[in-house]
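Student: The structure that follows is given in the form of structure tokens.
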Amino acid sequence: MISIQRFTFNPVRENTYVLYDETGECVIIDPGMYDGEEQNVLAKFIKEENLKPVLLLNTHCHYDHVFGNKFVYDNWGLKPQFHKGELYVLQAIPGYVPQMGLHYELSPEPEVFLSETGKVKFGNSELDLIFAPGHSPAHLCFYAAADNFLIGGDVLFYSSIGRTDLPGGNHMQLINSIKNNLFILPDDCEVFPGHGQPTTIGFEKKHNPFLQ
């Protein structure tokens with residue numbers, strides 16, 4: 001069984017997730033730690049729970065989801081894994097983040113890219129890859145079928161959807177991703193988004209004003 005720890009980090013309140021199972025192996029998804037205090041919060045949790053980070057995953061490569069990639073690499077030797085279609089999004093960050101008044105430690109680039117389908121494994125657990133572009137050009141979600149939850153990034157939120165006005169965004173593509181790739185999951189599947197509170201697939205099918 002996979003345990004989930006959520007942290008909310010950085011100026012745009014991004015959700016960072018640590019997934020771990022009974023083996024103690026863990027996956028860090030979308031590390032958003034912005035400063036030393038936030039870095040210490042993540043490192044302290046991993047140390048206190050006696051976890052061993054074995055994978056660094058990014059759903060996509062907007063700045064708020066990769067602020068902590070360098071810290072994870074420096075501490076645990078993990079390079080990020082994401083879909084290759086997000087690489088130029090990562091590489092663009094140094095060109096615009098300083099203009100926002102933010103500092104950014106350069107993320108390492110992947111040695112391994114994730115595909116549109118397949119699985120990633122850690123400990124006794126596995127996550128299915130679900131390709132869901134629209135908010136960003138090659139966004140991935142991670143579905144834990146055995147535990148019926150989704151790490152959804154910035155695709156589907158509680159009563160909302162990801163913004164599509166950033167470079168590489170496409171509103172109709174996002175709607176199609178949600179309806180064709182996420183709404184096929186069980187109604188009671190819990191969705192842990194990149195911002196805000198968790199929701200479920202069934203709730204969003206019925207109540208999300210963008211998807212009616």
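Labels for the structure tokens follow display order: chains A, B, ..., residues from 1 in each chain, ligands from 1.
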Hey, which bits of region 29-89 of chain A sit within 12 Å of region 140-161 of chain A, and for each residue what's the closest pair of atoms and how far apart in Å (one decimal), counting only C-alpha atoms, rows by chain and increasing number, as a tab-separated table?

Tutor:
```
residue	atom	partner	partner_atom	distance
A:Ile29	CA	A:Ile151	CA	8.4
A:Asp30	CA	A:Gly153	CA	8.1
A:Pro31	CA	A:Gly153	CA	11.5
A:Gly32	CA	A:Gly153	CA	11.9
A:Leu57	CA	A:Phe142	CA	9.3
A:Asn58	CA	A:Leu140	CA	8.0
A:Thr59	CA	A:Leu140	CA	4.8
A:His60	CA	A:Leu140	CA	6.7
A:Cys61	CA	A:Gly153	CA	10.3
A:His62	CA	A:Asp154	CA	9.7
A:Asp64	CA	A:Asp154	CA	10.8
A:His65	CA	A:Gly153	CA	8.7
A:Val66	CA	A:Gly153	CA	11.9
A:Gln81	CA	A:Leu140	CA	10.6
A:Phe82	CA	A:Leu140	CA	7.5
A:His83	CA	A:Leu140	CA	7.2
A:Lys84	CA	A:Leu140	CA	10.7
A:Gly85	CA	A:Leu140	CA	10.3
A:Glu86	CA	A:Leu140	CA	9.7
```

Student: List the spatial neighbours of Leu19 (chain A) as JSON, numbers by chain - criterion: any atom at most 12 Å away, only C-alpha atoms, same-chain residues fewer than 4 positions off excluded.

Tutor: {"A": [1, 2, 3, 4, 5, 6, 7, 23, 24, 25, 26, 27, 28, 29, 30, 45, 46, 49, 51, 52, 53, 54, 55, 56, 57, 121, 122, 123, 124, 125, 126, 127, 142, 143, 144, 147, 149, 150, 151, 192]}

Student: Take the selection from the previous step and output its residues with N, CA, C and O atoms, as a compact mmCIF listing (two decimals), in the first residue's frame.

Tutor:
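selection_0.txt was written with the following content:
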```txt
# COMPACT_ATOMS: atom_id res chain seq x y z
N MET A 1 0.84 -1.20 0.00
CA MET A 1 0.00 0.00 0.00
C MET A 1 0.88 1.25 0.00
O MET A 1 1.87 1.32 0.73
N ILE A 2 0.49 2.21 -0.82
CA ILE A 2 1.27 3.45 -0.94
C ILE A 2 0.75 4.49 0.04
O ILE A 2 -0.45 4.75 0.11
N SER A 3 1.66 5.10 0.79
CA SER A 3 1.33 6.24 1.64
C SER A 3 1.69 7.52 0.89
O SER A 3 2.64 7.55 0.11
N ILE A 4 0.90 8.56 1.15
CA ILE A 4 1.08 9.84 0.46
C ILE A 4 1.34 10.93 1.49
O ILE A 4 0.58 11.08 2.45
N GLN A 5 2.40 11.70 1.28
CA GLN A 5 2.63 12.89 2.09
C GLN A 5 2.64 14.10 1.16
O GLN A 5 3.39 14.12 0.17
N ARG A 6 1.80 15.07 1.48
CA ARG A 6 1.73 16.28 0.66
C ARG A 6 2.36 17.45 1.39
O ARG A 6 2.14 17.64 2.58
N PHE A 7 3.12 18.24 0.67
CA PHE A 7 3.67 19.49 1.17
C PHE A 7 3.24 20.60 0.23
O PHE A 7 3.16 20.39 -0.98
N THR A 23 8.38 -0.85 1.94
CA THR A 23 9.81 -1.11 1.77
C THR A 23 10.67 0.06 2.21
O THR A 23 11.89 -0.08 2.38
N GLY A 24 10.06 1.24 2.34
CA GLY A 24 10.81 2.45 2.67
C GLY A 24 11.30 3.21 1.45
O GLY A 24 11.79 4.33 1.57
N GLU A 25 11.17 2.59 0.27
CA GLU A 25 11.53 3.33 -0.94
C GLU A 25 10.46 4.39 -1.23
O GLU A 25 9.26 4.15 -1.00
N CYS A 26 10.90 5.54 -1.72
CA CYS A 26 9.94 6.62 -1.97
C CYS A 26 10.23 7.30 -3.30
O CYS A 26 11.33 7.24 -3.85
N VAL A 27 9.18 7.96 -3.79
CA VAL A 27 9.22 8.75 -5.01
C VAL A 27 8.90 10.20 -4.63
O VAL A 27 7.94 10.44 -3.89
N ILE A 28 9.68 11.12 -5.13
CA ILE A 28 9.41 12.55 -4.94
C ILE A 28 8.83 13.09 -6.24
O ILE A 28 9.45 12.95 -7.31
N ILE A 29 7.64 13.66 -6.18
CA ILE A 29 6.96 14.16 -7.38
C ILE A 29 6.78 15.67 -7.28
O ILE A 29 6.24 16.18 -6.30
N ASP A 30 7.26 16.38 -8.30
CA ASP A 30 7.11 17.83 -8.42
C ASP A 30 7.63 18.58 -7.19
O ASP A 30 6.89 19.32 -6.52
N PHE A 45 11.38 15.18 6.83
CA PHE A 45 10.36 14.13 6.73
C PHE A 45 10.97 12.83 6.22
O PHE A 45 10.72 11.75 6.77
N ILE A 46 11.77 12.93 5.18
CA ILE A 46 12.38 11.73 4.60
C ILE A 46 13.29 11.04 5.60
O ILE A 46 13.29 9.81 5.73
N GLU A 49 11.15 9.46 8.60
CA GLU A 49 10.40 8.27 8.18
C GLU A 49 11.33 7.17 7.67
O GLU A 49 10.85 6.10 7.28
N LEU A 51 13.12 6.98 4.96
CA LEU A 51 12.80 6.67 3.57
C LEU A 51 14.05 6.74 2.69
O LEU A 51 15.01 7.45 3.00
N LYS A 52 13.99 6.03 1.59
CA LYS A 52 15.06 6.04 0.59
C LYS A 52 14.51 6.53 -0.73
O LYS A 52 13.81 5.79 -1.43
N PRO A 53 14.77 7.79 -1.11
CA PRO A 53 14.29 8.29 -2.40
C PRO A 53 14.96 7.55 -3.55
O PRO A 53 16.19 7.44 -3.61
N VAL A 54 14.14 7.02 -4.46
CA VAL A 54 14.66 6.26 -5.60
C VAL A 54 14.23 6.83 -6.95
O VAL A 54 14.79 6.46 -7.98
N LEU A 55 13.25 7.74 -6.96
CA LEU A 55 12.79 8.35 -8.20
C LEU A 55 12.41 9.80 -7.96
O LEU A 55 11.80 10.13 -6.93
N LEU A 56 12.77 10.65 -8.91
CA LEU A 56 12.32 12.04 -8.95
C LEU A 56 11.49 12.21 -10.22
O LEU A 56 12.02 12.04 -11.33
N LEU A 57 10.21 12.48 -10.07
CA LEU A 57 9.29 12.59 -11.20
C LEU A 57 8.73 14.01 -11.28
O LEU A 57 8.40 14.61 -10.26
N LYS A 121 8.19 2.07 -11.33
CA LYS A 121 8.10 1.18 -10.18
C LYS A 121 9.06 1.63 -9.08
O LYS A 121 10.14 2.15 -9.36
N PHE A 122 8.62 1.42 -7.85
CA PHE A 122 9.47 1.65 -6.68
C PHE A 122 9.00 0.71 -5.59
O PHE A 122 7.81 0.43 -5.47
N GLY A 123 9.93 0.22 -4.78
CA GLY A 123 9.55 -0.70 -3.72
C GLY A 123 8.71 -1.84 -4.28
O GLY A 123 9.07 -2.47 -5.27
N ASN A 124 7.57 -2.08 -3.62
CA ASN A 124 6.62 -3.09 -4.11
C ASN A 124 5.49 -2.47 -4.92
O ASN A 124 4.47 -3.11 -5.16
N SER A 125 5.65 -1.24 -5.34
CA SER A 125 4.54 -0.46 -5.92
C SER A 125 4.84 -0.05 -7.35
O SER A 125 5.99 -0.05 -7.80
N GLU A 126 3.78 0.32 -8.05
CA GLU A 126 3.93 0.84 -9.40
C GLU A 126 2.91 1.92 -9.67
O GLU A 126 1.82 1.95 -9.08
N LEU A 127 3.27 2.82 -10.56
CA LEU A 127 2.40 3.91 -10.99
C LEU A 127 2.25 3.82 -12.50
O LEU A 127 3.24 3.66 -13.23
N PHE A 142 0.22 10.45 -12.78
CA PHE A 142 0.69 9.16 -12.25
C PHE A 142 -0.45 8.51 -11.46
O PHE A 142 -0.90 9.05 -10.46
N TYR A 143 -0.89 7.34 -11.93
CA TYR A 143 -2.05 6.66 -11.34
C TYR A 143 -1.61 5.41 -10.60
O TYR A 143 -0.97 4.52 -11.18
N ALA A 144 -1.93 5.36 -9.33
CA ALA A 144 -1.68 4.17 -8.51
C ALA A 144 -2.93 3.30 -8.53
O ALA A 144 -3.86 3.51 -7.76
N ASP A 147 -4.08 1.39 -5.33
CA ASP A 147 -4.60 2.23 -4.26
C ASP A 147 -5.63 3.25 -4.75
O ASP A 147 -6.19 4.00 -3.96
N PHE A 149 -5.56 6.12 -6.63
CA PHE A 149 -5.40 7.58 -6.55
C PHE A 149 -4.53 8.05 -7.70
O PHE A 149 -3.77 7.28 -8.29
N LEU A 150 -4.66 9.34 -8.00
CA LEU A 150 -3.96 9.95 -9.13
C LEU A 150 -3.18 11.17 -8.64
O LEU A 150 -3.74 12.03 -7.96
N ILE A 151 -1.90 11.20 -8.97
CA ILE A 151 -1.14 12.44 -8.81
C ILE A 151 -1.30 13.20 -10.13
O ILE A 151 -0.77 12.80 -11.16
N PHE A 192 -5.03 13.97 -6.48
CA PHE A 192 -4.18 14.89 -5.72
C PHE A 192 -3.53 15.85 -6.72
O PHE A 192 -2.62 15.48 -7.45
```

Student: Could you name the residues that touch Val97 (chain A) at 12 Å or less, counting only C-alpha atoms, but leaving out those on the same chain fewer than 6 positions away, as a ChimeraX atom specification?

Tutor: /A:62-64,66-67,90-91,103-106

Student: Residues of region 67-205 of chain A in helix (DSSP H, G or I) according to DSSP, as a ChimeraX atom specification?

Tutor: /A:69-76,84-100,171-182,201-205

Student: Which residue is closest to Pro11 (chain A)? Choose from A:His171, A:Met100, A:Pro133, A:Trp76 and count only C-alpha atoms.

Tutor: A:Met100

Student: Taking only C-alpha atoms into account, which of A:Gln197, A:Ile175, A:Ser107, A:Ser136 comes nearest Gln212 (chain A)?

Tutor: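 When distances to Gln212 (chain A) are compared using only C-alpha atoms, the smallest one comes from A:Ile175.
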
Student: Would you please work out which residue, of A:Pro80, A:Gly162, A:Gly134, A:Pro110, is nearest to Pro193 (chain A) when using only C-alpha atoms?

Tutor: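 Smallest separation from Pro193 (chain A) among the options: A:Gly162.
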